[in-house]
$ cat my_file.cif   # mmCIF, C-alpha atoms and all ligand atoms
data_my_file
loop_
_atom_site.label_atom_id
_atom_site.label_comp_id
_atom_site.auth_asym_id
_atom_site.auth_seq_id
_atom_site.Cartn_x
_atom_site.Cartn_y
_atom_site.Cartn_z
CA LEU I 253 83.82 116.14 71.19
CA LYS I 254 80.38 115.03 72.28
CA ASN I 255 80.17 114.04 75.90
CA LYS I 256 77.68 113.16 78.59
CA THR I 257 77.75 114.43 82.13
CA VAL I 258 76.98 112.92 85.49
CA LYS I 259 76.18 114.79 88.68
CA ALA I 260 77.89 114.33 92.01
CA ILE I 261 75.67 114.25 95.10
CA ASN I 262 76.32 117.98 95.66
CA GLY I 263 75.11 118.86 92.15
CA VAL I 264 78.52 119.40 90.54
CA THR I 265 78.56 118.31 86.90
CA ILE I 266 81.32 115.98 85.73
CA PRO I 267 82.10 115.16 82.07
CA GLN I 268 81.62 111.38 81.90
CA LEU I 269 84.52 110.91 79.50
CA GLY I 270 87.89 112.26 80.57
CA PHE I 271 91.52 111.68 79.72
CA GLY I 272 93.98 109.84 81.98
CA VAL I 273 97.59 110.98 81.90
CA TYR I 274 99.41 108.23 83.79
CA LYS I 275 102.67 107.04 82.18
CA ILE I 276 102.84 109.43 79.29
CA THR I 277 106.51 109.77 79.97
CA LYS I 278 108.49 109.92 76.75
CA GLU I 279 110.64 113.04 76.44
CA GLY I 280 108.64 115.84 74.82
CA GLU I 281 105.64 113.55 74.27
CA PHE I 282 103.48 114.81 77.08
CA GLU I 283 103.08 118.38 75.78
CA THR I 284 102.03 117.12 72.35
CA VAL I 285 99.59 114.57 73.74
CA ILE I 286 97.90 117.10 76.02
CA SER I 287 97.65 119.82 73.39
CA GLU I 288 96.22 117.28 70.91
CA ALA I 289 93.77 116.03 73.55
CA ILE I 290 92.59 119.60 74.19
CA ARG I 291 92.32 120.21 70.44
CA ILE I 292 90.19 117.07 69.99
CA GLY I 293 87.93 118.41 72.72
CA TYR I 294 88.89 116.60 75.92
CA ARG I 295 88.38 118.94 78.89
CA HIS I 296 88.42 116.51 81.80
CA PHE I 297 91.94 115.45 82.84
CA ASP I 298 92.95 112.93 85.49
CA THR I 299 96.39 113.34 87.02
CA ALA I 300 98.06 112.70 90.40
CA LYS I 301 101.10 113.94 92.26
CA ILE I 302 102.83 110.58 91.72
CA TYR I 303 102.43 110.83 87.92
CA GLY I 304 104.95 113.69 88.01
CA ASN I 305 103.22 115.65 85.24
CA GLU I 306 100.93 118.12 87.05
CA ASP I 307 103.22 121.01 86.06
CA VAL I 308 103.25 120.18 82.34
CA LEU I 309 99.49 119.58 82.34
CA GLY I 310 98.98 122.97 84.01
CA ARG I 311 101.20 124.66 81.47
CA GLU I 312 99.39 123.12 78.49
CA ILE I 313 96.02 124.11 79.93
CA GLN I 314 97.23 127.71 80.30
CA LYS I 315 98.72 127.69 76.81
CA SER I 316 95.37 126.64 75.32
CA LYS I 317 93.88 130.01 76.37
CA ILE I 318 90.61 128.18 77.06
CA PRO I 319 88.96 129.52 80.25
CA ARG I 320 89.82 127.56 83.39
CA GLU I 321 86.12 126.91 84.13
CA GLU I 322 85.78 124.86 80.95
CA PHE I 323 88.23 122.30 82.30
CA PHE I 324 87.59 119.60 84.86
CA ILE I 325 90.86 118.78 86.60
CA THR I 326 91.44 115.92 89.03
CA SER I 327 94.52 115.22 91.12
CA LYS I 328 95.26 112.88 94.03
CA VAL I 329 96.97 112.82 97.42
CA TRP I 330 99.91 110.44 97.32
CA ASN I 331 100.65 107.82 100.01
CA THR I 332 103.55 109.77 101.54
CA ASP I 333 101.34 112.84 102.13
CA HIS I 334 98.70 111.31 104.38
CA GLY I 335 97.56 113.03 107.58
CA TYR I 336 95.75 116.34 108.06
CA LYS I 337 98.62 118.81 107.76
CA ALA I 338 100.61 116.91 105.14
CA THR I 339 97.55 116.68 102.90
CA LEU I 340 96.86 120.41 103.11
CA LYS I 341 100.49 121.03 102.19
CA ALA I 342 100.42 118.50 99.32
CA PHE I 343 97.26 120.18 98.02
CA GLU I 344 99.00 123.59 97.90
CA GLN I 345 101.90 122.05 95.96
CA THR I 346 99.51 120.39 93.53
CA MET I 347 97.66 123.68 92.97
CA ASN I 348 100.95 125.49 92.35
CA LYS I 349 102.10 122.88 89.87
CA LEU I 350 98.79 122.91 88.02
CA LYS I 351 98.73 126.73 88.21
CA VAL I 352 95.08 126.82 89.32
CA ASP I 353 93.30 128.33 92.31
CA TYR I 354 90.79 125.52 92.76
CA LEU I 355 90.59 121.86 91.79
CA ASP I 356 87.50 120.25 90.32
CA MET I 357 88.23 116.98 92.02
CA TYR I 358 90.74 115.82 94.62
CA LEU I 359 91.03 112.16 95.59
CA ILE I 360 92.88 110.11 98.20
CA HIS I 361 94.97 107.86 95.93
CA PHE I 362 95.03 104.83 98.28
CA ALA I 363 93.55 103.96 101.67
CA SER I 364 96.63 104.45 103.83
CA PRO I 365 96.50 103.44 107.51
CA ASN I 366 95.51 106.96 108.55
CA TYR I 367 93.12 107.84 105.77
CA LEU I 368 90.56 109.11 108.32
CA GLU I 369 92.95 111.97 109.21
CA THR I 370 93.59 112.63 105.54
CA TRP I 371 89.85 112.77 104.95
CA ARG I 372 89.55 115.60 107.53
CA ALA I 373 91.82 117.65 105.30
CA MET I 374 89.69 116.79 102.25
CA GLU I 375 86.57 117.97 104.13
CA GLU I 376 88.39 121.16 105.09
CA LEU I 377 89.44 121.86 101.48
CA TYR I 378 85.86 121.24 100.37
CA SER I 379 84.36 123.57 102.97
CA ARG I 380 86.87 126.29 102.02
CA GLY I 381 85.67 125.96 98.40
CA LYS I 382 89.11 124.91 97.16
CA VAL I 383 87.80 121.64 95.72
CA LYS I 384 84.42 121.10 94.04
CA VAL I 385 84.26 117.31 94.46
CA ILE I 386 86.14 115.27 97.07
CA GLY I 387 86.61 111.56 96.85
CA VAL I 388 88.82 108.52 97.05
CA ALA I 389 90.48 105.93 94.82
CA ASN I 390 91.06 102.24 95.36
CA PHE I 391 88.80 102.19 98.42
CA GLU I 392 86.88 99.03 99.29
CA ILE I 393 83.58 98.70 101.16
CA GLN I 394 85.35 98.34 104.53
CA HIS I 395 87.16 101.70 104.06
CA LEU I 396 83.99 103.45 102.95
CA GLU I 397 82.10 102.04 105.92
CA GLU I 398 84.76 103.47 108.26
CA LEU I 399 84.35 106.87 106.63
CA ARG I 400 80.59 106.57 106.95
CA LYS I 401 80.93 106.03 110.68
CA HIS I 402 83.54 108.71 111.34
CA SER I 403 83.11 111.62 108.92
CA LYS I 404 80.81 114.53 108.25
CA ILE I 405 80.94 114.20 104.46
CA LEU I 406 81.01 110.94 102.52
CA PRO I 407 83.33 110.62 99.51
CA MET I 408 81.41 111.72 96.43
CA ILE I 409 83.31 109.40 94.09
CA ASN I 410 85.50 106.29 94.17
CA GLN I 411 87.99 105.74 91.33
CA ILE I 412 88.67 102.01 91.02
CA GLU I 413 90.00 99.50 88.52
CA THR I 414 87.00 98.56 86.37
CA HIS I 415 86.67 96.83 82.99
CA PRO I 416 84.65 93.90 81.58
CA GLU I 417 86.96 91.29 83.12
CA PHE I 418 86.73 93.03 86.48
CA PRO I 419 83.41 94.88 86.59
CA GLN I 420 83.38 95.49 90.37
CA ASN I 421 79.72 94.41 90.60
CA GLU I 422 79.51 94.35 94.39
CA LEU I 423 81.27 97.66 94.95
CA HIS I 424 79.27 99.19 92.08
CA GLU I 425 76.00 98.35 93.87
CA TYR I 426 77.33 99.66 97.19
CA LEU I 427 78.41 102.95 95.57
CA LYS I 428 75.02 103.35 93.91
CA GLU I 429 73.23 102.73 97.20
CA HIS I 430 75.29 105.46 98.90
CA GLN I 431 75.13 107.91 95.97
CA ILE I 432 78.89 107.73 95.47
CA LEU I 433 79.92 108.01 91.82
CA HIS I 434 81.86 105.14 90.26
CA GLU I 435 84.89 106.13 88.20
CA ALA I 436 86.88 103.51 86.29
CA TRP I 437 90.63 103.53 86.02
CA GLY I 438 92.06 101.07 83.54
CA PRO I 439 88.73 101.17 81.66
CA LEU I 440 90.38 99.29 78.76
CA GLY I 441 92.04 96.76 81.06
CA GLN I 442 95.23 98.78 80.57
CA GLY I 443 95.27 97.83 76.90
CA ASN I 444 95.52 94.11 77.61
CA LYS I 445 95.27 91.97 74.48
CA ALA I 446 93.12 89.28 76.09
CA LEU I 447 90.46 91.93 76.47
CA LEU I 448 91.02 94.06 73.37
CA GLU I 449 91.04 91.01 71.10
CA HIS I 450 88.26 89.13 72.84
CA PRO I 451 86.10 87.38 70.20
CA VAL I 452 82.83 88.31 71.91
CA LEU I 453 83.82 91.98 71.85
CA GLN I 454 85.09 91.72 68.28
CA LYS I 455 81.72 90.38 67.18
CA ILE I 456 79.83 93.23 68.85
CA ALA I 457 82.27 95.76 67.36
CA LEU I 458 81.77 94.35 63.89
CA ALA I 459 77.98 94.48 64.18
CA HIS I 460 78.11 98.21 65.06
CA GLN I 461 81.03 99.01 62.72
CA ILE I 462 83.09 100.31 65.63
CA THR I 463 86.24 99.15 67.46
CA VAL I 464 86.53 96.90 70.51
CA ALA I 465 87.85 99.84 72.55
CA GLN I 466 84.70 101.80 71.66
CA VAL I 467 82.50 98.85 72.66
CA ILE I 468 84.16 98.67 76.06
CA LEU I 469 84.07 102.42 76.69
CA ARG I 470 80.39 102.57 75.70
CA TRP I 471 79.61 99.69 78.08
CA HIS I 472 81.04 101.81 80.93
CA ILE I 473 79.03 104.85 79.81
CA GLU I 474 75.82 102.81 79.91
CA ARG I 475 76.62 101.67 83.45
CA GLY I 476 76.83 105.36 84.47
CA ILE I 477 80.56 105.09 85.11
CA ILE I 478 83.02 107.94 84.58
CA ILE I 479 85.94 106.87 82.36
CA ILE I 480 89.41 108.27 81.84
CA PRO I 481 91.04 106.12 79.12
CA LYS I 482 94.66 106.90 78.39
CA SER I 483 96.33 106.94 75.00
CA SER I 484 99.21 108.87 73.51
CA ASN I 485 98.27 107.87 69.97
CA LEU I 486 96.26 110.54 68.16
CA LYS I 487 94.13 108.06 66.23
CA ARG I 488 93.18 106.20 69.40
CA MET I 489 92.62 109.42 71.32
CA LYS I 490 90.02 110.36 68.70
CA GLU I 491 88.59 106.85 68.58
CA ASN I 492 88.13 106.81 72.36
CA SER I 493 86.22 110.08 72.19
CA GLN I 494 83.77 108.88 69.54
CA ILE I 495 81.44 106.86 71.73
CA PHE I 496 78.33 109.01 71.87
CA ASP I 497 76.84 108.35 68.42
CA PHE I 498 75.76 104.75 68.95
CA GLU I 499 74.19 102.60 71.64
CA LEU I 500 74.77 99.00 72.61
CA THR I 501 71.78 96.69 72.68
CA SER I 502 70.69 95.02 75.91
CA ASP I 503 71.87 91.76 74.36
CA ASP I 504 75.37 93.26 73.77
CA ILE I 505 75.48 94.45 77.36
CA GLU I 506 74.42 91.06 78.66
CA LYS I 507 77.22 89.40 76.66
CA ILE I 508 79.82 91.87 77.94
CA ASN I 509 78.61 91.33 81.51
CA GLN I 510 79.45 87.66 81.09
CA LEU I 511 83.14 88.42 80.48
CA ASN I 512 83.73 88.88 84.22
CA THR I 513 86.69 86.64 85.11
CA GLY I 514 87.75 88.44 88.28
CA LYS I 515 91.09 89.23 86.63
CA ARG I 516 92.51 92.54 87.78
CA TYR I 517 95.63 94.14 86.38
CA SER I 518 96.72 96.22 89.38
CA ILE I 519 99.66 94.75 91.23
CA ASN I 520 98.61 95.95 94.64
CA PRO I 521 94.93 96.81 94.40
CA THR I 522 94.20 98.24 97.83
CA GLY I 523 97.70 98.40 99.20
CA TYR I 524 99.39 101.31 100.81
CA ILE I 525 102.65 101.46 98.90
CA ILE I 526 105.28 104.15 98.89
CA ASN I 527 106.88 103.42 95.53
CA PRO I 528 104.63 101.75 92.96
P1 LIG I 601 93.57 102.10 80.25
O1 LIG I 601 92.60 101.02 80.48
O2 LIG I 601 93.08 103.47 79.94
O3 LIG I 601 94.53 101.56 79.10
C1 LIG I 601 95.46 102.38 78.44
C2 LIG I 601 96.19 101.57 77.39
O4 LIG I 601 95.25 100.97 76.52
C3 LIG I 601 97.06 102.45 76.52
O5 LIG I 601 98.36 102.59 77.06
C4 LIG I 601 97.07 101.70 75.20
O6 LIG I 601 98.06 100.70 75.25
C5 LIG I 601 95.72 101.03 75.18
N1 LIG I 601 94.71 101.75 74.38
C6 LIG I 601 94.17 102.98 74.61
N2 LIG I 601 93.24 103.28 73.69
C7 LIG I 601 93.19 102.23 72.85
C8 LIG I 601 92.43 101.94 71.68
N3 LIG I 601 91.52 102.81 71.22
N4 LIG I 601 92.65 100.75 71.06
C9 LIG I 601 93.55 99.87 71.52
N5 LIG I 601 94.30 100.08 72.63
C10 LIG I 601 94.11 101.25 73.28
O7 LIG I 601 94.57 102.10 81.51
P2 LIG I 601 95.26 103.17 82.45
O8 LIG I 601 96.07 104.16 81.69
O9 LIG I 601 95.94 102.42 83.51
O10 LIG I 601 94.02 103.93 83.12
C11 LIG I 601 93.54 105.18 82.64
C12 LIG I 601 93.84 106.29 83.62
O11 LIG I 601 93.36 105.96 84.92
C13 LIG I 601 95.33 106.57 83.87
O12 LIG I 601 95.93 107.28 82.83
C14 LIG I 601 95.28 107.31 85.18
O13 LIG I 601 94.90 108.66 84.96
C15 LIG I 601 94.19 106.56 85.92
N6 LIG I 601 94.70 105.50 86.84
C16 LIG I 601 94.44 105.62 88.17
C17 LIG I 601 94.91 104.66 89.06
C18 LIG I 601 94.62 104.80 90.52
O14 LIG I 601 95.23 104.09 91.33
N7 LIG I 601 93.73 105.68 90.91
C19 LIG I 601 95.64 103.56 88.59
C20 LIG I 601 95.88 103.45 87.22
C21 LIG I 601 95.40 104.43 86.36
#
$ encode --input "my_file.cif" --output "structure tokens"
Amino acid sequence: LKNKTVKAINGVTIPQLGFGVYKITKEGEFETVISEAIRIGYRHFDTAKIYGNEDVLGREIQKSKIPREEFFITSKVWNTDHGYKATLKAFEQTMNKLKVDYLDMYLIHFASPNYLETWRAMEELYSRGKVKVIGVANFEIQHLEELRKHSKILPMINQIETHPEFPQNELHEYLKEHQILHEAWGPLGQGNKALLEHPVLQKIALAHQITVAQVILRWHIERGIIIIPKSSNLKRMKENSQIFDFELTSDDIEKINQLNTGKRYSINPTGYIINP
């Protein structure tokens, strides 16, 4: 698998294309999907405590016999584990499940009411060398401004819903200004037909002899965004990885930029929810 990398503000290198593992839930399916993903060449995996699959992911990574350092593993602090002590404890549990002794990236999953306390624990884990990159997910400018006022270290990345219908232009500019990386969840609009069958995207795909999914993923890559598309279908897993052998034209990009409708697919985009 070809890939590009981006650098966090502290110099840590992140593979720009990763693999998201949310909702791969069918009995016995997860092991196959992960081992296939590793075989195709994916090394960057995005999980979270709430996905309930950290243990299986950890096991498949061990089974691959590929050195730990070749992987880039992300997990997230869930809403019920906020606060300094609870976060440190949740981190230990996550490490045990993943069977690793450091994490490449650890994120606060949502901005809970006491995320400032949680962030202290993230800073602590970073200074102890337990996590290479610390960051947040689903944070808006107001939350990041609070952190800017009250913390020693700024988040190095923000993982947010991003796709052509919801490109996050304002937040994207803010993140760039503060040297915070932009990572997209739902990079394919969660597989929504309105997006994946959009005539403008179909036309671009046809011109390059590629698929609409590849057009969208490449558009993210050219914006400098880290992407973690999810698929449990081998053909699509391969397809999603083959996005480094072509480039979109500036005209293509301009057309895709015009697809912004403000439509987001998350039910509760910034909300602090216990059970999603
Ligand atoms: P996605 O945009 O990656 O869409 C996935 C869906 O798109 C698949 O289920 C499939 O139906 C379809 N699809 C995938 N490849 C395709 C292809 N080549 N052609 C046609 N259809 C295709 O959405 P997602 O899974 O929600 O997001 C990706 C990852 O982001 C998740 O797995 C998870 O790791 C992460 N995530 C994080 C948060 C958060 O709050 N931080 C929220 C949601 C997801």
$ residues_around --input "my_file.cif" --residues "Met408 in chain I" --least-positions-apart "5" --cutoff "9 Å" --atoms "all atoms listed in the file" --output "PyMOL selection string"
chain I and resi 260-262+385-388+431-433
$ closest_atom_pairs --input "my_file.cif" --of "chain I" --to "ligand LIG 601 (chain I)" --cutoff "6 Å" --atoms "only C-alpha atoms and all ligand atoms" --output "Markdown table"
| residue | atom | partner | partner_atom | distance |
| --- | --- | --- | --- | --- |
| I:Gly272 | CA | I:LIG601 | O12 | 3.3 |
| I:Val273 | CA | I:LIG601 | O12 | 4.2 |
| I:Tyr274 | CA | I:LIG601 | O12 | 3.7 |
| I:Asp298 | CA | I:LIG601 | O13 | 4.7 |
| I:Thr299 | CA | I:LIG601 | O13 | 5.3 |
| I:His361 | CA | I:LIG601 | N7 | 5.6 |
| I:Ala389 | CA | I:LIG601 | N7 | 5.1 |
| I:Gln411 | CA | I:LIG601 | N7 | 5.8 |
| I:Trp437 | CA | I:LIG601 | O11 | 3.8 |
| I:Gly438 | CA | I:LIG601 | O1 | 3.1 |
| I:Pro439 | CA | I:LIG601 | O1 | 4.0 |
| I:Leu440 | CA | I:LIG601 | O1 | 3.3 |
| I:Gly441 | CA | I:LIG601 | O1 | 4.3 |
| I:Gln442 | CA | I:LIG601 | O3 | 3.2 |
| I:Gly443 | CA | I:LIG601 | O4 | 3.2 |
| I:Ala465 | CA | I:LIG601 | N3 | 4.9 |
| I:Ile480 | CA | I:LIG601 | C12 | 5.2 |
| I:Pro481 | CA | I:LIG601 | O2 | 3.4 |
| I:Lys482 | CA | I:LIG601 | O2 | 4.1 |
| I:Ser483 | CA | I:LIG601 | C6 | 4.5 |
| I:Arg488 | CA | I:LIG601 | N3 | 4.2 |
| I:Glu491 | CA | I:LIG601 | N3 | 5.6 |
| I:Asn492 | CA | I:LIG601 | N3 | 5.4 |
$ residues_around --input "my_file.cif" --residues "Gln268 in chain I" --least-positions-apart "3" --cutoff "9 Å" --atoms "all atoms listed in the file" --output "PyMOL selection string"
chain I and resi 255-258+296+435+473+476-480
$ atom_distance --input "my_file.cif" --atom1 "CA of Pro419 in chain I" --atom2 "CA of Ser327 in chain I"
23.6 Å
$ atom_distance --input "my_file.cif" --atom1 "CA of Asp497 in chain I" --atom2 "CA of Glu425 in chain I"
27.4 Å
$ atom_distance --input "my_file.cif" --atom1 "CA of Ile456 in chain I" --atom2 "CA of Arg470 in chain I"
11.6 Å
$ residues_around --input "my_file.cif" --residues "Glu322 in chain I" --least-positions-apart "5" --cutoff "12 Å" --atoms "all atoms listed in the file" --output "list in words"
Thr265, Ile266, Pro267, Ile290, Gly293, Tyr294, Arg295, His296, Phe297, Ile313, Gln314, Ser316, Lys317 and Asp356 of chain I
$ residues_around --input "my_file.cif" --residues "Lys382 in chain I" --least-positions-apart "5" --cutoff "9 Å" --atoms "all atoms listed in the file" --output "ChimeraX atom specification"
/I:353-356,376-377
$ write_last_selection --input "my_file.cif" --atoms "C-alpha atoms" --output "PDB file, in the frame of the given file"
ATOM      1  CA  ASP I 353      93.300 128.330  92.310  1.00  0.00           C
ATOM      2  CA  TYR I 354      90.790 125.520  92.760  1.00  0.00           C
ATOM      3  CA  LEU I 355      90.590 121.860  91.790  1.00  0.00           C
ATOM      4  CA  ASP I 356      87.500 120.250  90.320  1.00  0.00           C
ATOM      5  CA  GLU I 376      88.390 121.160 105.090  1.00  0.00           C
ATOM      6  CA  LEU I 377      89.440 121.860 101.480  1.00  0.00           C
TER       7      LEU I 377
END
$ residues_around --input "my_file.cif" --residues "Leu486 in chain I" --least-positions-apart "6" --cutoff "10 Å" --atoms "all atoms listed in the file" --output "list in words"
Thr284, Val285, Glu288, Ala289, Ile292 and Asn492 of chain I
$ closest_residue --input "my_file.cif" --among "I:Gln454, I:Ser484, I:Thr414, I:Thr346" --to "His472 in chain I" --atoms "all atoms listed in the file"
I:Thr414
$ closest_residue --input "my_file.cif" --among "I:Leu469, I:Ala373, I:Leu447, I:Ile360" --to "Val329 in chain I" --atoms "only C-alpha atoms"
I:Ile360
$ decode --input "my_file.cif" --residues "range 431-442 of chain I" --atoms "N, CA and C atoms" --output "mmCIF file, in the first residue's frame"
data_model
loop_
_atom_site.group_PDB
_atom_site.id
_atom_site.type_symbol
_atom_site.label_atom_id
_atom_site.label_comp_id
_atom_site.auth_asym_id
_atom_site.auth_seq_id
_atom_site.Cartn_x
_atom_site.Cartn_y
_atom_site.Cartn_z
ATOM 1 N N GLN I 431 -1.790 25.079 13.895
ATOM 2 C CA GLN I 431 -0.966 23.891 13.635
ATOM 3 C C GLN I 431 -1.520 22.633 14.313
ATOM 4 N N ILE I 432 -2.842 22.519 14.261
ATOM 5 C CA ILE I 432 -3.521 21.314 14.757
ATOM 6 C C ILE I 432 -3.930 20.519 13.513
ATOM 7 N N LEU I 433 -3.578 19.237 13.475
ATOM 8 C CA LEU I 433 -3.935 18.447 12.299
ATOM 9 C C LEU I 433 -5.436 18.216 12.238
ATOM 10 N N HIS I 434 -5.934 18.108 11.009
ATOM 11 C CA HIS I 434 -7.353 17.838 10.770
ATOM 12 C C HIS I 434 -7.477 16.372 10.345
ATOM 13 N N GLU I 435 -8.244 15.621 11.107
ATOM 14 C CA GLU I 435 -8.525 14.233 10.738
ATOM 15 C C GLU I 435 -10.021 14.100 10.490
ATOM 16 N N ALA I 436 -10.373 13.408 9.394
ATOM 17 C CA ALA I 436 -11.794 13.266 9.045
ATOM 18 C C ALA I 436 -12.338 11.944 9.534
ATOM 19 N N TRP I 437 -13.418 11.971 10.291
ATOM 20 C CA TRP I 437 -14.195 10.729 10.432
ATOM 21 C C TRP I 437 -15.377 10.846 9.488
ATOM 22 N N GLY I 438 -15.905 9.681 9.091
ATOM 23 C CA GLY I 438 -16.971 9.706 8.078
ATOM 24 C C GLY I 438 -16.489 10.333 6.787
ATOM 25 N N PRO I 439 -15.255 10.023 6.345
ATOM 26 C CA PRO I 439 -14.724 10.699 5.144
ATOM 27 C C PRO I 439 -15.569 10.442 3.906
ATOM 28 N N LEU I 440 -16.308 9.321 3.903
ATOM 29 C CA LEU I 440 -17.183 8.999 2.762
ATOM 30 C C LEU I 440 -18.634 9.329 3.088
ATOM 31 N N GLY I 441 -18.842 10.253 4.037
ATOM 32 C CA GLY I 441 -20.217 10.586 4.425
ATOM 33 C C GLY I 441 -20.949 9.352 4.939
ATOM 34 N N GLN I 442 -20.195 8.477 5.587
ATOM 35 C CA GLN I 442 -20.724 7.222 6.135
ATOM 36 C C GLN I 442 -21.418 6.365 5.063
#
